[in-house]
file target-v5.tsv (TSV, C-alpha atoms)
chain	number	residue	atom	x	y	z
A	28	MET	CA	51.54	6.20	121.70
A	29	LYS	CA	52.26	9.89	121.65
A	30	ALA	CA	54.43	11.66	119.10
A	31	LYS	CA	56.10	14.94	119.99
A	32	VAL	CA	57.08	16.83	116.88
A	33	TYR	CA	59.45	19.82	116.92
A	34	ILE	CA	59.55	22.06	113.86
A	35	THR	CA	62.14	24.82	113.48
A	36	PRO	CA	63.20	27.15	110.67
A	37	LYS	CA	66.07	25.61	108.71
A	38	ALA	CA	69.57	26.79	109.54
A	39	GLY	CA	70.43	29.82	107.45
A	40	ILE	CA	66.82	30.86	106.97
A	41	LEU	CA	66.07	34.24	108.43
A	42	ASP	CA	63.76	33.92	111.42
A	43	PRO	CA	62.38	37.40	112.08
A	44	GLN	CA	60.51	36.26	115.21
A	45	GLY	CA	63.67	34.73	116.67
A	46	LEU	CA	65.65	37.89	115.89
A	47	THR	CA	63.09	40.11	117.56
A	48	ILE	CA	63.18	37.99	120.71
A	49	GLU	CA	66.96	37.92	120.61
A	50	ARG	CA	67.07	41.71	120.50
A	51	SER	CA	64.62	41.99	123.41
A	52	LEU	CA	66.50	39.76	125.82
A	53	PRO	CA	69.37	42.18	126.61
A	54	ALA	CA	66.74	44.69	127.75
A	55	LEU	CA	65.87	42.23	130.52
A	56	GLY	CA	69.48	41.79	131.48
A	57	PHE	CA	70.14	38.55	129.57
A	58	GLU	CA	73.32	39.32	127.69
A	59	GLY	CA	75.06	37.10	125.18
A	60	VAL	CA	72.02	35.16	123.99
A	61	THR	CA	72.34	34.22	120.32
A	62	ASN	CA	70.62	32.02	117.74
A	63	VAL	CA	67.07	32.35	119.01
A	64	ARG	CA	64.87	30.32	116.67
A	65	VAL	CA	61.11	30.16	116.94
A	66	GLY	CA	59.37	27.01	115.80
A	67	LYS	CA	56.32	24.87	116.45
A	68	TYR	CA	55.59	22.02	118.76
A	69	ILE	CA	52.94	19.51	117.71
A	70	GLU	CA	51.67	16.67	119.86
A	71	LEU	CA	49.59	13.82	118.55
A	72	ASP	CA	48.40	10.37	119.57
A	73	LEU	CA	48.58	7.49	117.15
A	74	PRO	CA	48.19	3.70	117.27
A	75	ASP	CA	51.10	1.76	118.79
A	76	GLY	CA	53.22	-0.30	116.46
A	77	ASP	CA	56.45	-0.54	114.53
A	78	ALA	CA	55.08	1.61	111.74
A	79	ALA	CA	54.43	4.61	114.00
A	80	GLY	CA	57.83	6.21	113.45
A	81	GLU	CA	57.58	5.88	109.72
A	82	ALA	CA	54.05	7.29	109.76
A	83	VAL	CA	55.09	10.37	111.76
A	84	ASP	CA	58.07	10.92	109.45
A	85	LYS	CA	55.69	10.88	106.46
A	86	MET	CA	53.26	13.22	108.20
A	87	CYS	CA	56.11	15.67	108.78
A	88	HIS	CA	57.26	15.54	105.18
A	89	LYS	CA	53.79	15.84	103.69
A	90	LEU	CA	51.98	18.20	106.03
A	91	LEU	CA	53.33	19.07	109.46
A	92	ALA	CA	56.50	20.74	108.18
A	93	ASN	CA	57.51	22.37	104.92
A	94	PRO	CA	60.92	20.79	104.25
A	95	ILE	CA	61.91	23.70	102.01
A	96	ILE	CA	62.08	26.10	104.94
A	97	GLU	CA	61.72	23.94	108.06
A	98	ASP	CA	63.57	21.16	109.86
A	99	PHE	CA	61.75	18.72	112.06
A	100	GLU	CA	62.48	16.07	114.61
A	101	PHE	CA	60.16	13.98	116.70
A	102	GLU	CA	60.11	11.55	119.56
A	103	LEU	CA	57.69	8.73	120.23
A	104	VAL	CA	56.56	8.32	123.81
A	105	PRO	CA	54.75	5.12	124.84
A	106	GLU	CA	51.77	5.88	127.04
B	16	MET	CA	35.07	28.20	48.15
B	17	ALA	CA	33.38	28.03	51.54
B	18	ALA	CA	31.99	31.27	52.91
B	19	PHE	CA	33.95	32.90	55.70
B	20	SER	CA	32.70	31.20	58.82
B	21	GLN	CA	30.56	33.33	61.09
B	22	THR	CA	30.94	31.02	64.06
B	23	GLU	CA	30.18	32.67	67.36
B	24	VAL	CA	33.22	33.70	69.37
B	25	LYS	CA	33.21	31.71	72.60
B	26	PRO	CA	34.06	33.61	75.76
B	27	VAL	CA	37.29	32.76	77.53
B	28	ARG	CA	36.16	30.75	80.53
B	29	PHE	CA	37.64	31.31	83.99
B	30	GLY	CA	37.01	29.16	87.05
B	31	VAL	CA	37.42	30.78	90.46
B	32	VAL	CA	38.04	28.26	93.23
B	33	VAL	CA	36.45	29.09	96.57
B	34	PHE	CA	38.07	27.63	99.68
B	35	PRO	CA	36.68	28.14	103.17
B	36	GLY	CA	38.35	31.43	104.06
B	37	SER	CA	38.88	32.73	100.52
B	38	ASN	CA	38.04	36.43	100.46
B	39	CYS	CA	39.18	37.66	97.05
B	40	ASP	CA	37.04	35.20	95.11
B	41	ALA	CA	34.33	37.75	94.32
B	42	ASP	CA	36.91	40.39	93.35
B	43	SER	CA	38.51	37.92	90.95
B	44	TYR	CA	35.15	36.90	89.54
B	45	ASP	CA	34.06	40.52	89.01
B	46	ALA	CA	37.43	41.54	87.58
B	47	VAL	CA	37.35	38.77	84.99
B	48	ARG	CA	33.76	39.49	84.02
B	49	SER	CA	34.58	43.16	83.43
B	50	PHE	CA	36.49	42.10	80.32
B	51	THR	CA	34.74	41.70	77.00
B	52	GLY	CA	34.94	38.13	75.83
B	53	ALA	CA	35.44	36.57	79.25
B	54	ASP	CA	33.18	34.65	81.57
B	55	ALA	CA	33.66	33.17	85.01
B	56	ARG	CA	32.09	30.67	87.36
B	57	TYR	CA	32.84	29.58	90.88
B	58	PHE	CA	34.06	26.15	91.97
B	59	TRP	CA	33.72	25.02	95.57
B	60	HIS	CA	36.80	23.42	97.11
B	61	LYS	CA	34.92	20.13	97.46
B	62	ASP	CA	34.24	19.92	93.73
B	63	THR	CA	36.31	17.28	92.02
B	64	GLY	CA	36.03	18.30	88.38
B	65	LEU	CA	37.09	21.33	86.37
B	66	THR	CA	35.55	21.00	82.95
B	67	GLY	CA	35.13	23.49	80.15
B	68	LEU	CA	37.67	25.98	81.45
B	69	ASP	CA	40.52	27.95	79.94
B	70	CYS	CA	41.99	29.31	83.16
B	71	VAL	CA	41.69	28.53	86.87
B	72	ILE	CA	42.12	31.27	89.47
B	73	LEU	CA	43.11	30.39	93.04
B	74	PRO	CA	42.10	33.60	94.79
B	75	GLY	CA	43.50	35.39	97.82
B	76	GLY	CA	42.27	35.06	101.36
B	77	PHE	CA	42.97	32.95	104.41
B	78	SER	CA	42.04	29.44	103.35
B	79	TYR	CA	41.46	27.25	106.41
B	80	GLY	CA	42.39	30.20	108.60
B	81	ASP	CA	46.02	29.90	107.51
B	82	TYR	CA	46.28	27.09	110.07
B	83	LEU	CA	49.64	25.31	110.29
B	84	ARG	CA	51.09	27.26	107.34
B	85	CYS	CA	49.39	29.39	104.68
B	86	GLY	CA	48.01	27.10	102.01
B	87	ALA	CA	49.15	23.92	103.79
B	88	ILE	CA	45.64	22.58	104.37
B	89	ALA	CA	44.02	23.94	101.20
B	90	ARG	CA	46.40	21.99	99.04
B	91	PHE	CA	44.65	18.81	100.22
B	92	SER	CA	41.18	20.05	99.20
B	93	PRO	CA	39.47	17.71	96.72
B	94	ILE	CA	39.54	20.39	94.00
B	95	MET	CA	43.34	20.57	94.09
B	96	ALA	CA	43.74	17.17	92.43
B	97	ALA	CA	41.63	18.52	89.56
B	98	VAL	CA	43.66	21.74	89.46
B	99	LYS	CA	46.85	19.70	89.25
B	100	ASN	CA	45.44	17.56	86.41
B	101	PHE	CA	44.22	20.67	84.62
B	102	ALA	CA	47.72	22.20	84.84
B	103	ASP	CA	49.40	18.95	83.78
B	104	GLU	CA	47.27	19.01	80.64
B	105	GLY	CA	48.46	22.52	79.86
B	106	GLY	CA	45.58	24.52	81.36
B	107	LEU	CA	46.37	27.97	82.71
B	108	VAL	CA	46.41	28.35	86.49
B	109	ILE	CA	46.99	31.63	88.33
B	110	GLY	CA	47.36	31.80	92.10
B	111	ILE	CA	47.01	35.22	93.71
B	112	CYS	CA	48.37	35.82	97.22
B	113	ASN	CA	46.93	32.91	99.24
B	114	GLY	CA	46.45	31.15	95.90
B	115	PHE	CA	50.19	31.54	95.29
B	116	GLN	CA	50.90	30.11	98.76
B	117	ILE	CA	48.67	27.12	97.96
B	118	LEU	CA	50.50	26.47	94.67
B	119	LEU	CA	53.83	26.57	96.54
B	120	GLU	CA	52.60	24.18	99.23
B	121	ALA	CA	51.23	21.89	96.53
B	122	GLY	CA	54.62	21.80	94.84
B	123	MET	CA	53.14	23.21	91.62
B	124	LEU	CA	55.51	26.17	91.86
B	125	PRO	CA	59.06	26.22	93.23
B	126	GLY	CA	59.95	27.75	96.62
B	127	ALA	CA	58.17	28.52	99.86
B	128	MET	CA	56.76	31.47	101.79
B	129	HIS	CA	57.57	32.55	105.25
B	130	GLN	CA	56.72	35.49	107.46
B	131	ASN	CA	57.46	39.00	106.26
B	132	GLU	CA	60.82	40.22	107.43
B	133	GLY	CA	59.18	43.05	109.36
B	134	LEU	CA	56.71	40.62	110.99
B	135	LYS	CA	53.84	42.90	110.00
B	136	PHE	CA	50.89	42.45	107.72
B	137	VAL	CA	51.72	44.77	104.82
B	138	CYS	CA	48.85	46.28	102.85
B	139	LYS	CA	49.88	48.86	100.27
B	140	LEU	CA	50.33	49.67	96.63
B	141	VAL	CA	53.73	48.51	95.35
B	142	ASN	CA	55.69	48.91	92.14
B	143	LEU	CA	56.49	45.76	90.20
B	144	ARG	CA	58.87	45.26	87.32
B	145	VAL	CA	57.75	42.83	84.66
B	146	GLU	CA	60.74	40.53	84.16
B	147	ASN	CA	59.33	38.21	81.54
B	148	ASN	CA	56.51	39.08	79.16
B	149	GLU	CA	56.72	35.84	77.23
B	150	THR	CA	54.24	33.98	79.40
B	151	PRO	CA	50.48	33.59	78.89
B	152	PHE	CA	49.98	35.93	81.85
B	153	THR	CA	52.20	38.84	80.84
B	154	THR	CA	52.11	39.31	77.06
B	155	GLY	CA	50.06	42.47	77.65
B	156	TYR	CA	53.01	44.17	79.33
B	157	GLU	CA	56.39	45.35	78.08
B	158	ARG	CA	59.46	43.68	79.46
B	159	GLY	CA	60.86	45.95	82.18
B	160	GLN	CA	57.57	47.84	82.49
B	161	VAL	CA	56.81	49.11	86.00
B	162	ILE	CA	53.22	48.45	87.13
B	163	LYS	CA	51.39	49.36	90.32
B	164	ILE	CA	49.50	46.57	92.07
B	165	PRO	CA	48.58	46.29	95.77
B	166	ILE	CA	49.84	43.66	98.19
B	167	ALA	CA	48.11	42.52	101.39
B	168	HIS	CA	49.84	39.74	103.28
B	169	ARG	CA	51.88	38.70	106.29
B	170	GLU	CA	53.53	35.65	104.76
B	171	GLY	CA	54.90	36.87	101.46
B	172	ASN	CA	58.60	36.49	102.11
B	173	TYR	CA	59.58	34.30	99.18
B	174	PHE	CA	62.33	31.78	99.76
B	175	ILE	CA	64.03	29.20	97.56
B	176	ASP	CA	67.39	27.50	98.02
B	177	GLU	CA	70.45	28.64	96.07
B	178	ALA	CA	70.25	25.92	93.42
B	179	GLY	CA	66.54	26.52	92.97
B	180	LEU	CA	67.05	30.27	92.63
B	181	ALA	CA	69.73	29.80	89.98
B	182	GLU	CA	67.39	27.49	88.09
B	183	ILE	CA	64.33	29.76	88.10
B	184	GLU	CA	66.45	32.78	87.18
B	185	ALA	CA	68.08	30.89	84.29
B	186	ASN	CA	64.70	29.62	83.05
B	187	GLY	CA	63.09	33.05	83.13
B	188	GLN	CA	60.58	31.85	85.72
B	189	VAL	CA	60.78	35.02	87.79
B	190	ILE	CA	57.91	37.04	86.35
B	191	VAL	CA	57.61	40.11	88.59
B	192	ARG	CA	59.87	41.76	91.17
B	193	TYR	CA	59.27	44.48	93.75
B	194	CYS	CA	60.95	47.67	92.61
B	195	ASP	CA	60.90	51.42	93.06
B	196	GLU	CA	59.15	53.90	90.74
B	197	SER	CA	62.04	53.85	88.31
B	198	GLY	CA	62.20	50.06	88.18
B	199	GLU	CA	65.22	49.55	90.45
B	200	THR	CA	64.88	46.45	92.63
B	201	THR	CA	66.24	48.09	95.77
B	202	ALA	CA	66.10	46.73	99.32
B	203	GLU	CA	63.84	49.66	100.27
B	204	ALA	CA	61.37	48.64	97.59
B	205	ASN	CA	61.19	45.11	98.99
B	206	PRO	CA	58.12	45.07	101.25
B	207	ASN	CA	58.59	41.65	102.85
B	208	GLY	CA	62.18	40.45	102.55
B	209	SER	CA	61.59	38.24	99.53
B	210	LEU	CA	64.73	36.75	98.07
B	211	GLY	CA	65.78	38.69	94.97
B	212	ASN	CA	62.73	40.99	95.42
B	213	ILE	CA	60.69	38.18	93.86
B	214	ALA	CA	56.95	38.89	93.79
B	215	GLY	CA	55.79	36.24	91.34
B	216	VAL	CA	57.08	33.11	89.62
B	217	CYS	CA	55.84	30.61	87.07
B	218	ASN	CA	56.56	26.93	86.50
B	219	LYS	CA	58.96	25.67	83.84
B	220	GLU	CA	56.11	25.06	81.39
B	221	ARG	CA	54.86	28.63	82.03
B	222	ASN	CA	51.21	27.70	82.40
B	223	VAL	CA	51.13	28.04	86.21
B	224	PHE	CA	51.75	31.48	87.68
B	225	GLY	CA	51.71	32.67	91.27
B	226	LEU	CA	52.12	36.18	92.63
B	227	MET	CA	51.63	37.89	95.97
B	228	PRO	CA	50.26	41.19	94.56
B	229	HIS	CA	46.54	41.37	93.71
B	230	PRO	CA	46.01	42.24	90.01
B	231	GLU	CA	42.24	41.68	90.40
B	232	ARG	CA	42.09	44.70	92.73
B	233	VAL	CA	43.34	47.14	90.13
B	234	CYS	CA	41.32	46.51	87.01
B	235	ASP	CA	39.30	49.71	87.00
B	236	GLU	CA	40.15	53.39	87.47
B	237	ILE	CA	37.25	53.68	89.89
B	238	VAL	CA	39.14	51.52	92.40
B	239	GLY	CA	42.38	53.42	92.00
B	240	GLY	CA	44.24	51.88	89.12
B	241	THR	CA	44.42	49.53	86.18
B	242	GLY	CA	47.87	48.03	86.69
B	243	GLY	CA	46.42	44.55	86.99
B	244	ARG	CA	44.38	44.53	83.78
B	245	GLY	CA	47.33	43.38	81.74
B	246	VAL	CA	47.37	40.01	83.50
B	247	PHE	CA	43.79	39.20	82.51
B	248	GLU	CA	44.10	40.81	79.08
B	249	SER	CA	47.13	38.61	78.40
B	250	ILE	CA	45.24	35.45	79.36
B	251	ILE	CA	42.10	36.40	77.42
B	252	SER	CA	43.84	37.48	74.23
B	253	GLY	CA	46.13	34.44	74.32
B	254	VAL	CA	43.29	31.95	74.72
B	255	ALA	CA	41.13	33.74	72.13
B	256	ALA	CA	43.99	33.82	69.61
B	257	GLU	CA	44.62	30.13	70.12
B	258	ALA	CA	40.93	29.33	69.66
B	259	ALA	CA	40.79	31.46	66.49
B	260	GLY	CA	43.92	29.75	65.20
B	261	ALA	CA	42.41	26.35	65.89
B	262	SER	CA	39.16	27.20	64.13
B	263	ILE	CA	40.99	28.60	61.09
B	264	ALA	CA	43.15	25.50	61.01
B	265	ALA	CA	40.08	23.27	61.24
B	266	GLU	CA	38.38	25.20	58.45
B	267	ALA	CA	41.50	25.02	56.29
B	268	ALA	CA	41.77	21.31	56.93
B	269	GLY	CA	38.13	20.89	55.90
B	270	GLU	CA	38.66	22.84	52.67
B	271	MET	CA	41.80	20.88	51.95
B	272	LYS	CA	39.84	17.69	52.33
B	273	ASP	CA	37.18	18.97	49.87
B	274	ILE	CA	39.82	19.96	47.35
B	275	LEU	CA	41.66	16.69	47.64
B	276	GLY	CA	38.35	14.85	47.39
B	277	ASN	CA	37.51	16.71	44.14
B	278	ILE	CA	40.94	16.03	42.72
B	279	GLY	CA	40.45	12.39	43.55
B	280	ASN	CA	37.12	12.37	41.67
B	281	GLU	CA	38.54	14.10	38.61
B	282	ARG	CA	41.55	11.88	38.40
B	283	PRO	CA	41.32	9.68	35.26
B	284	ARG	CA	41.20	6.00	35.97

call {"tool": "encode", "arguments": {"input": "target-v5.tsv", "output": "structure tokens"}}
result
Amino acid sequence: MKAKVYITPKAGILDPQGLTIERSLPALGFEGVTNVRVGKYIELDLPDGDAAGEAVDKMCHKLLANPIIEDFEFELVPE
Amino acid sequence: MAAFSQTEVKPVRFGVVVFPGSNCDADSYDAVRSFTGADARYFWHKDTGLTGLDCVILPGGFSYGDYLRCGAIARFSPIMAAVKNFADEGGLVIGICNGFQILLEAGMLPGAMHQNEGLKFVCKLVNLRVENNETPFTTGYERGQVIKIPIAHREGNYFIDEAGLAEIEANGQVIVRYCDESGETTAEANPNGSLGNIAGVCNKERNVFGLMPHPERVCDEIVGGTGGRGVFESIISGVAAEAAGASIAAEAAGEMKDILGNIGNERPR
């Protein structure tokens, strides 16, 4: 199955990339946009099974995300 | 009485770990070897042992191309298990720039790094205030002394949560802060947005130290400054003093044993 992992800066952590994008949007006529946060999207295939969710959760904690500064969520998509 | 021992003074031995993408390994190696009484050797990231060392240096660079996050992949290199063991046994470990990031990712130091507030790679000489000179890495400086050491990074924006910050401040684990010429830790003097202007921290036990600035780049006037020499001088003099203390203690113990042995022989039965 496929895991889709979304990693974003934790709430409250300054995201300079997000801020820069936020400040650029009014120049294009998009007013009122707030809370732009830039993160990462990781896709990976792994063996089917009940343990898949637990495995991806561990991967996120140990490597894919840094829980000190990042939040993560993921979805499992059967192929 | 035994003659004063003329045992040879052993050099203080540094190990410089080389990861794929390290680029300050040679600078660190050369800097260390410029000191009298110090020697260095390289360790490849695939090595699994660190024997016969007094201090390990994790040098700056872009280990594994900074993929995923700076230091995130390097922390899983085979050598890192040995570095962790070495530190757990009280060995001195210093992580410079990318080495600092690796120590943070490995959980050997508290906190995390993210992108500089200005989103730019910043490469310049900065002023640092020495906050704590009671660590093996800073005894050569005065507390509050302002030193000039260069930085060169894009991910040096130090972050730690509120509870963590309170803890490291209370424990004296903040070792150097970005400041202006007069030692004030102003927002203008903060090159990357680091919380509390923090440029370097140590662990609770004070044998693991990480800093974003590069002391190895300023160990000789010919390269523009000597602000970094104090870091290596502190390590070298500390290790040498400990070794001298140990050898004196061993000698004293030996003499004591002789004396006690003689007393034992003279004692009437």

call {"tool": "atom_distance", "arguments": {"input": "target-v5.tsv", "atom1": "CA of Leu90 (chain A)", "atom2": "CA of Asn113 (chain B)"}}
result
17.0 Å

call {"tool": "residues_near_point", "arguments": {"input": "target-v5.tsv", "point": "(55.1, 34.2, 89.6)", "cutoff": "12 Å", "atoms": "only C-alpha atoms", "output": "number ranges by chain"}}
result
B: 108-112, 114-116, 118-119, 123-126, 143-148, 150-153, 173, 183-184, 187-193, 212-219, 221-229, 246

call {"tool": "closest_residue", "arguments": {"input": "target-v5.tsv", "among": "A:Val104, A:Thr61, A:Leu46, A:Phe99", "to": "chain B", "atoms": "only C-alpha atoms"}}
result
A:Leu46

call {"tool": "residues_around", "arguments": {"input": "target-v5.tsv", "residues": "region 48-58 of chain B", "least_positions_apart": "2", "cutoff": "6 Å", "atoms": "all atoms listed in the file", "output": "PyMOL selection string"}}
result
chain B and resi 26-33+45-46

call {"tool": "closest_atom_pairs", "arguments": {"input": "target-v5.tsv", "of": "chain A", "to": "chain B", "cutoff": "12 Å", "atoms": "all atoms listed in the file", "output": "CSV"}}
result
residue,atom,partner,partner_atom,distance
A:Ile34,CA,B:Leu83,CA,11.0
A:Pro36,CA,B:His129,CA,9.5
A:Lys37,CA,B:Asp176,CA,10.9
A:Ala38,CA,B:Asp176,CA,11.7
A:Gly39,CA,B:Asp176,CA,10.2
A:Ile40,CA,B:Phe174,CA,8.5
A:Leu41,CA,B:Glu132,CA,8.0
A:Asp42,CA,B:Glu132,CA,8.0
A:Pro43,CA,B:Glu132,CA,5.7
A:Gln44,CA,B:Leu134,CA,7.2
A:Gly45,CA,B:Leu134,CA,10.7
A:Leu46,CA,B:Glu132,CA,10.0
A:Thr47,CA,B:Leu134,CA,9.2
A:Ile48,CA,B:Leu134,CA,12.0
A:Val65,CA,B:Gln130,CA,11.7
A:Gly66,CA,B:Leu83,CA,11.3
A:Lys67,CA,B:Leu83,CA,9.1
A:Tyr68,CA,B:Leu83,CA,10.9
A:Ile69,CA,B:Leu83,CA,10.0
A:Cys87,CA,B:Leu83,CA,11.7
A:His88,CA,B:Glu120,CA,11.5
A:Lys89,CA,B:Ala87,CA,9.3
A:Leu90,CA,B:Ala87,CA,6.8
A:Leu91,CA,B:Leu83,CA,7.3
A:Ala92,CA,B:Leu83,CA,8.5
A:Asn93,CA,B:Glu120,CA,7.7
A:Pro94,CA,B:Ala127,CA,9.3
A:Ile95,CA,B:Ala127,CA,6.5
A:Ile96,CA,B:Ala127,CA,6.9
A:Glu97,CA,B:His129,CA,10.0

call {"tool": "write_last_selection", "arguments": {"input": "target-v5.tsv", "atoms": "C-alpha atoms", "output": "CSV table (one decimal), in the frame of the given file"}}
result
chain,number,residue,atom,x,y,z
A,34,ILE,CA,59.6,22.1,113.9
A,36,PRO,CA,63.2,27.2,110.7
A,37,LYS,CA,66.1,25.6,108.7
A,38,ALA,CA,69.6,26.8,109.5
A,39,GLY,CA,70.4,29.8,107.4
A,40,ILE,CA,66.8,30.9,107.0
A,41,LEU,CA,66.1,34.2,108.4
A,42,ASP,CA,63.8,33.9,111.4
A,43,PRO,CA,62.4,37.4,112.1
A,44,GLN,CA,60.5,36.3,115.2
A,45,GLY,CA,63.7,34.7,116.7
A,46,LEU,CA,65.6,37.9,115.9
A,47,THR,CA,63.1,40.1,117.6
A,48,ILE,CA,63.2,38.0,120.7
A,65,VAL,CA,61.1,30.2,116.9
A,66,GLY,CA,59.4,27.0,115.8
A,67,LYS,CA,56.3,24.9,116.4
A,68,TYR,CA,55.6,22.0,118.8
A,69,ILE,CA,52.9,19.5,117.7
A,87,CYS,CA,56.1,15.7,108.8
A,88,HIS,CA,57.3,15.5,105.2
A,89,LYS,CA,53.8,15.8,103.7
A,90,LEU,CA,52.0,18.2,106.0
A,91,LEU,CA,53.3,19.1,109.5
A,92,ALA,CA,56.5,20.7,108.2
A,93,ASN,CA,57.5,22.4,104.9
A,94,PRO,CA,60.9,20.8,104.2
A,95,ILE,CA,61.9,23.7,102.0
A,96,ILE,CA,62.1,26.1,104.9
A,97,GLU,CA,61.7,23.9,108.1

call {"tool": "residues_around", "arguments": {"input": "target-v5.tsv", "residues": "Glu70 (chain A)", "least_positions_apart": "6", "cutoff": "12 Å", "atoms": "all atoms listed in the file", "output": "list in words"}}
result
Met28, Lys29, Ala30, Lys31, Val32, Tyr33, Ile34, Val83, Cys87, Leu91, Phe101, Glu102, Leu103 and Val104 of chain A

call {"tool": "atom_distance", "arguments": {"input": "target-v5.tsv", "atom1": "CA of Ala178 (chain B)", "atom2": "CA of Val98 (chain B)"}}
result
27.2 Å

call {"tool": "atom_distance", "arguments": {"input": "target-v5.tsv", "atom1": "CA of Tyr156 (chain B)", "atom2": "CA of Asn142 (chain B)"}}
result
13.9 Å

call {"tool": "residues_around", "arguments": {"input": "target-v5.tsv", "residues": "Glu257 (chain B)", "least_positions_apart": "5", "cutoff": "12 Å", "atoms": "all atoms listed in the file", "output": "PyMOL selection string"}}
result
chain B and resi 24-25+27+69+151+250-252+262-264

call {"tool": "build_atoms", "arguments": {"input": "target-v5.tsv", "residues": "region 57-69 of chain A", "atoms": "N, CA and C atoms", "output": "short mmCIF file (atom, residue, chain, number, x, y, z; two decimals), in the frame of the given file"}}
result
data_model
loop_
_atom_site.label_atom_id
_atom_site.label_comp_id
_atom_site.auth_asym_id
_atom_site.auth_seq_id
_atom_site.Cartn_x
_atom_site.Cartn_y
_atom_site.Cartn_z
N PHE A 57 69.55 39.81 130.05
CA PHE A 57 70.14 38.55 129.57
C PHE A 57 71.08 38.86 128.41
N GLU A 58 72.35 38.99 128.73
CA GLU A 58 73.32 39.32 127.69
C GLU A 58 73.88 38.05 127.06
N GLY A 59 74.33 38.20 125.82
CA GLY A 59 75.06 37.10 125.18
C GLY A 59 74.19 35.99 124.62
N VAL A 60 72.88 36.20 124.56
CA VAL A 60 72.02 35.16 123.99
C VAL A 60 72.03 35.28 122.47
N THR A 61 72.31 34.19 121.78
CA THR A 61 72.34 34.22 120.32
C THR A 61 71.50 33.06 119.76
N ASN A 62 71.30 33.11 118.44
CA ASN A 62 70.62 32.02 117.74
C ASN A 62 69.25 31.65 118.29
N VAL A 63 68.44 32.65 118.59
CA VAL A 63 67.07 32.35 119.01
C VAL A 63 66.27 31.96 117.77
N ARG A 64 65.67 30.79 117.81
CA ARG A 64 64.87 30.32 116.67
C ARG A 64 63.49 29.96 117.18
N VAL A 65 62.47 30.45 116.51
CA VAL A 65 61.11 30.16 116.94
C VAL A 65 60.50 29.12 116.01
N GLY A 66 59.99 28.07 116.61
CA GLY A 66 59.37 27.01 115.80
C GLY A 66 58.01 26.61 116.32
N LYS A 67 57.64 25.37 116.03
CA LYS A 67 56.32 24.87 116.45
C LYS A 67 56.50 23.55 117.17
N TYR A 68 55.60 23.30 118.07
CA TYR A 68 55.59 22.02 118.76
C TYR A 68 54.23 21.38 118.51
N ILE A 69 54.21 20.19 117.99
CA ILE A 69 52.94 19.51 117.71
C ILE A 69 52.93 18.17 118.46
#
